[in-house]
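What follows is start_37.txt (compact mmCIF, C-alpha atoms).
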# COMPACT_ATOMS: atom_id res chain seq x y z
CA MET A 218 163.58 93.11 106.17
CA ALA A 219 163.24 89.39 105.45
CA LYS A 220 160.90 88.43 102.61
CA LYS A 221 157.91 86.14 103.18
CA VAL A 222 157.69 83.08 100.95
CA LEU A 223 154.76 80.70 100.51
CA ILE A 224 155.60 77.13 99.42
CA VAL A 225 152.70 75.16 97.90
CA ASP A 226 153.33 71.46 97.28
CA ASP A 227 151.45 68.29 98.18
CA SER A 228 154.71 66.45 98.89
CA GLN A 229 155.62 66.70 102.55
CA VAL A 230 159.26 65.96 101.73
CA MET A 231 159.44 68.76 99.13
CA ARG A 232 157.77 71.25 101.47
CA ALA A 233 160.20 70.35 104.26
CA MET A 234 163.25 70.73 101.99
CA LEU A 235 162.12 74.12 100.72
CA VAL A 236 161.10 75.41 104.14
CA ASP A 237 164.44 74.32 105.61
CA ASP A 238 166.57 75.65 102.76
CA LEU A 239 164.83 79.01 102.42
CA GLY A 240 164.54 79.43 106.18
CA ARG A 241 168.32 78.99 106.53
CA ARG A 242 168.75 81.73 103.93
CA GLY A 243 166.80 84.15 106.11
CA TYR A 244 163.39 84.03 104.44
CA ILE A 245 160.20 83.79 106.48
CA VAL A 246 158.63 80.65 105.05
CA ASP A 247 155.11 79.29 105.25
CA ALA A 248 153.84 76.15 103.53
CA ALA A 249 150.57 74.84 102.15
CA THR A 250 149.64 71.31 101.09
CA GLY A 251 147.83 72.26 97.88
CA GLY A 252 146.31 74.99 95.77
CA ARG A 253 143.23 75.56 97.91
CA SER A 254 145.20 75.82 101.15
CA GLY A 255 147.72 78.06 99.36
CA ILE A 256 144.94 80.44 98.30
CA GLU A 257 143.58 80.47 101.85
CA LYS A 258 146.99 81.33 103.28
CA ALA A 259 147.41 84.07 100.66
CA ARG A 260 144.05 85.53 101.69
CA ASN A 261 145.19 85.69 105.31
CA SER A 262 148.75 86.96 104.81
CA GLN A 263 150.73 88.87 102.20
CA TYR A 264 153.70 87.01 100.70
CA ASP A 265 156.57 88.42 98.65
CA LEU A 266 157.00 85.22 96.63
CA VAL A 267 155.05 82.02 95.95
CA VAL A 268 156.69 78.75 94.91
CA THR A 269 154.21 76.16 93.67
CA ASP A 270 154.00 72.68 92.23
CA GLN A 271 151.62 71.92 89.35
CA ASN A 272 150.27 68.45 90.14
CA MET A 273 148.31 68.66 93.38
CA PRO A 274 144.93 67.22 94.37
CA GLY A 275 141.95 69.56 94.59
CA MET A 276 143.46 72.58 92.85
CA GLU A 277 146.47 72.30 90.58
CA GLY A 278 149.17 74.93 90.38
CA LEU A 279 147.93 76.50 87.14
CA GLU A 280 144.49 77.20 88.60
CA MET A 281 146.09 78.53 91.78
CA VAL A 282 148.31 80.94 89.80
CA LYS A 283 145.26 82.24 87.90
CA THR A 284 143.38 82.71 91.17
CA LEU A 285 146.31 84.43 92.90
CA ARG A 286 146.74 86.90 90.04
CA GLN A 287 143.15 88.05 90.55
CA MET A 288 143.59 88.66 94.29
CA ASP A 289 144.45 92.02 95.83
CA GLY A 290 148.18 92.26 96.45
CA TYR A 291 149.13 89.35 94.19
CA SER A 292 148.95 90.82 90.70
CA LYS A 293 152.72 91.39 90.50
CA ILE A 294 154.45 89.28 93.14
CA PRO A 295 156.83 86.63 91.74
CA ILE A 296 155.40 83.14 91.36
CA LEU A 297 157.87 80.33 90.64
CA VAL A 298 156.69 76.93 89.42
CA LEU A 299 158.72 73.98 90.72
CA THR A 300 157.38 70.81 89.13
CA THR A 301 158.23 67.51 87.45
CA GLU A 302 156.41 68.74 84.33
CA SER A 303 158.49 70.06 81.46
CA SER A 304 156.19 70.45 78.44
CA GLU A 305 156.46 73.69 76.50
CA GLU A 306 152.67 73.80 76.25
CA LEU A 307 152.25 73.79 80.03
CA LYS A 308 155.02 76.36 80.47
CA ALA A 309 153.20 78.63 78.01
CA LYS A 310 149.95 78.22 79.95
CA PHE A 311 151.70 79.18 83.18
CA ARG A 312 153.32 82.22 81.53
CA THR A 313 149.92 83.32 80.23
CA ALA A 314 148.45 82.83 83.72
CA GLY A 315 151.16 85.04 85.19
CA ALA A 316 153.90 82.73 86.48
CA THR A 317 157.28 84.44 86.75
CA GLY A 318 159.60 81.44 86.41
CA TRP A 319 159.83 77.68 85.96
CA MET A 320 162.10 75.03 87.47
CA VAL A 321 161.96 71.29 86.84
CA LYS A 322 162.36 68.96 89.81
CA PRO A 323 164.44 67.54 91.35
CA TYR A 324 164.96 70.52 93.61
CA SER A 325 168.34 72.20 93.46
CA PRO A 326 169.34 74.76 96.11
CA ASP A 327 171.73 76.42 93.64
CA ARG A 328 169.05 76.84 90.97
CA MET A 329 166.66 78.21 93.59
CA THR A 330 169.32 80.70 94.75
CA ASN A 331 169.75 81.89 91.15
CA ALA A 332 166.00 82.18 90.62
CA LEU A 333 165.51 84.12 93.86
CA ALA A 334 168.31 86.51 92.94
CA LYS A 335 166.45 87.30 89.72
CA VAL A 336 162.94 87.73 91.13
CA LEU A 337 163.78 89.12 94.59
CA PRO A 338 167.11 90.89 94.05
CA ASP A 339 166.87 92.93 97.25
CA SER A 340 165.91 90.06 99.54
CA VAL A 341 167.61 88.80 102.66

Rewrite the structure of this file - the entire thing - as C-alpha cells.
Amino acid sequence: MAKKVLIVDDSQVMRAMLVDDLGRRGYIVDAATGGRSGIEKARNSQYDLVVTDQNMPGMEGLEMVKTLRQMDGYSKIPILVLTTESSEELKAKFRTAGATGWMVKPYSPDRMTNALAKVLPDSV
C-alpha cells in the first residue's frame, strides 16, 4: 500500500517539486503552506511521513515538530527537515524535538530517495 506523505513548506515552488517528485514515485502526497496548516492536516488525516521546512511564517518547523510529536499517531512517524538552515545548534534542537533526519536545500531527488529508503524502507 502506498505511503501518505505530508509536505510542509511556505514556498509554492518547493511544495510543487516535492509533490510532483514523490507522487511520481507512488506516494500519496498532501501539502501545507506552513506549520499551522500542517498541524491541521495532521489532525484530519494520518500520514506515514512528514517533510518540513524550518523558516515559515506563523509557526516554524521546529515548533511544528514539537507539536506533532505530542499528537496521537505522530509520536514515532518519520519527520524529515528540508531547509536552507545548516547550523549544528538548530539540528540538535530538531533532534531533541524528535526530527528523524535533516537535508539542506537545494532539493535533490537522489538525496530524498536515499532518505526515504532509510526511514520508510517498505514503502512504494

When you draw a straight line from CA of Gly278 in chain A to CA of Gln263 in chain A, how long is it in Å? 18.3 Å

For Ala249 in chain A, which residue among A:Met231, A:Met320, A:Ile224, A:Val268 is the nearest when counting only C-alpha atoms? A:Ile224

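Among the candidates A:Arg253, A:Arg242, A:Lys322, A:Lys258, the residue lying nearest to Leu299 in chain A is A:Lys322 (atoms considered: all atoms listed in the file).
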
Please compute the CA of Thr317 in chain A-CA of Arg232 in chain A distance, one decimal, in Å.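 Calculated distance between CA of Thr317 in chain A and CA of Arg232 in chain A is 19.8 Å.
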
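With distances taken over all atoms listed in the file, A:Met329 is the one residue among A:Met329, A:Ala219, A:Leu307, A:Ile294 lying closest to Asp238 in chain A.
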
Spatial neighbours of Asp339 in chain A, max dist 10 Å, only C-alpha atoms, sep filter under 5 positions, as a list in words: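 Near neighbours after the sequence-gap exclusion: Met218, Ala219, Lys220, Leu333 and Ala334 of chain A.
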
Cut-off 9 Å around (147.2, 68.0, 98.3) with all atoms listed in the file: residues as a ChimeraX atom specification: /A:226-228,249-254,272-277

Ala332 in chain A environment, 12 Å, all atoms listed in the file, sequence neighbours closer than 3 positions dropped, as an MDAnalysis selection string: chainID A and resid 266 268 295:299 317:320 325:329 335:338 340

Enter the distance from CA of Met288 in chain A to CA of Leu235 in chain A, in Å, rounded to one decimal.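 Separating CA of Met288 in chain A from CA of Leu235 in chain A is a distance of 24.4 Å.
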
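Of the residues under consideration (A:Val230, A:Asn261, A:Leu223, A:Thr313), A:Leu223 shows the shortest atom-to-atom contact distance to Ala248 in chain A when counting all atoms listed in the file.
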
Shell around Leu239 in chain A at 9 Å using only C-alpha atoms, local window under 6 positions removed, as an NGL selection string: :A and (222 or 245-246 or 326)

Contacts of Gln287 in chain A at 12 Å (only C-alpha atoms; same-chain gap of 4+ positions) as a ChimeraX atom specification: /A:256,259-260,280-283,291-294,314-315

Quick one: of A:Thr300, A:Asp247, A:Lys310, A:Gln229, who's nearest to Ser262 in chain A, counting all atoms listed in the file?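 Ranked by minimum distance to Ser262 in chain A, first place goes to A:Asp247.
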
Out of A:Val267, A:Gly243, A:Met234, A:Gly290, which residue has the shortest atom-to-atom distance to Pro323 in chain A when counting all atoms listed in the file? A:Met234

For range 312-325 of chain A, which lacks atoms in the input, supply N, CA and C atoms and format the output as a compact mmCIF listing (two decimals), in the coordinates of the input.
# COMPACT_ATOMS: atom_id res chain seq x y z
N ARG A 312 152.91 80.85 81.86
CA ARG A 312 153.32 82.22 81.53
C ARG A 312 152.11 83.10 81.28
N THR A 313 151.15 82.58 80.52
CA THR A 313 149.92 83.32 80.23
C THR A 313 149.14 83.61 81.52
N ALA A 314 149.16 82.65 82.45
CA ALA A 314 148.45 82.83 83.72
C ALA A 314 149.15 83.81 84.64
N GLY A 315 150.44 84.07 84.38
CA GLY A 315 151.16 85.04 85.19
C GLY A 315 152.32 84.50 86.00
N ALA A 316 152.73 83.26 85.77
CA ALA A 316 153.90 82.73 86.48
C ALA A 316 155.15 83.47 86.05
N THR A 317 156.06 83.67 86.99
CA THR A 317 157.28 84.44 86.75
C THR A 317 158.42 83.56 86.24
N GLY A 318 158.50 82.32 86.77
CA GLY A 318 159.60 81.44 86.41
C GLY A 318 159.22 79.99 86.54
N TRP A 319 160.11 79.11 86.05
CA TRP A 319 159.83 77.68 85.96
C TRP A 319 161.09 76.90 86.28
N MET A 320 160.99 75.93 87.16
CA MET A 320 162.10 75.03 87.47
C MET A 320 161.58 73.60 87.47
N VAL A 321 162.34 72.70 86.87
CA VAL A 321 161.96 71.29 86.84
C VAL A 321 162.62 70.58 88.01
N LYS A 322 161.83 69.78 88.73
CA LYS A 322 162.36 68.96 89.81
C LYS A 322 163.27 67.91 89.20
N PRO A 323 164.27 67.43 89.90
CA PRO A 323 164.44 67.54 91.35
C PRO A 323 164.92 68.93 91.78
N TYR A 324 164.62 69.24 93.02
CA TYR A 324 164.96 70.52 93.61
C TYR A 324 166.47 70.69 93.71
N SER A 325 166.93 71.87 93.35
CA SER A 325 168.34 72.20 93.46
C SER A 325 168.49 73.52 94.21
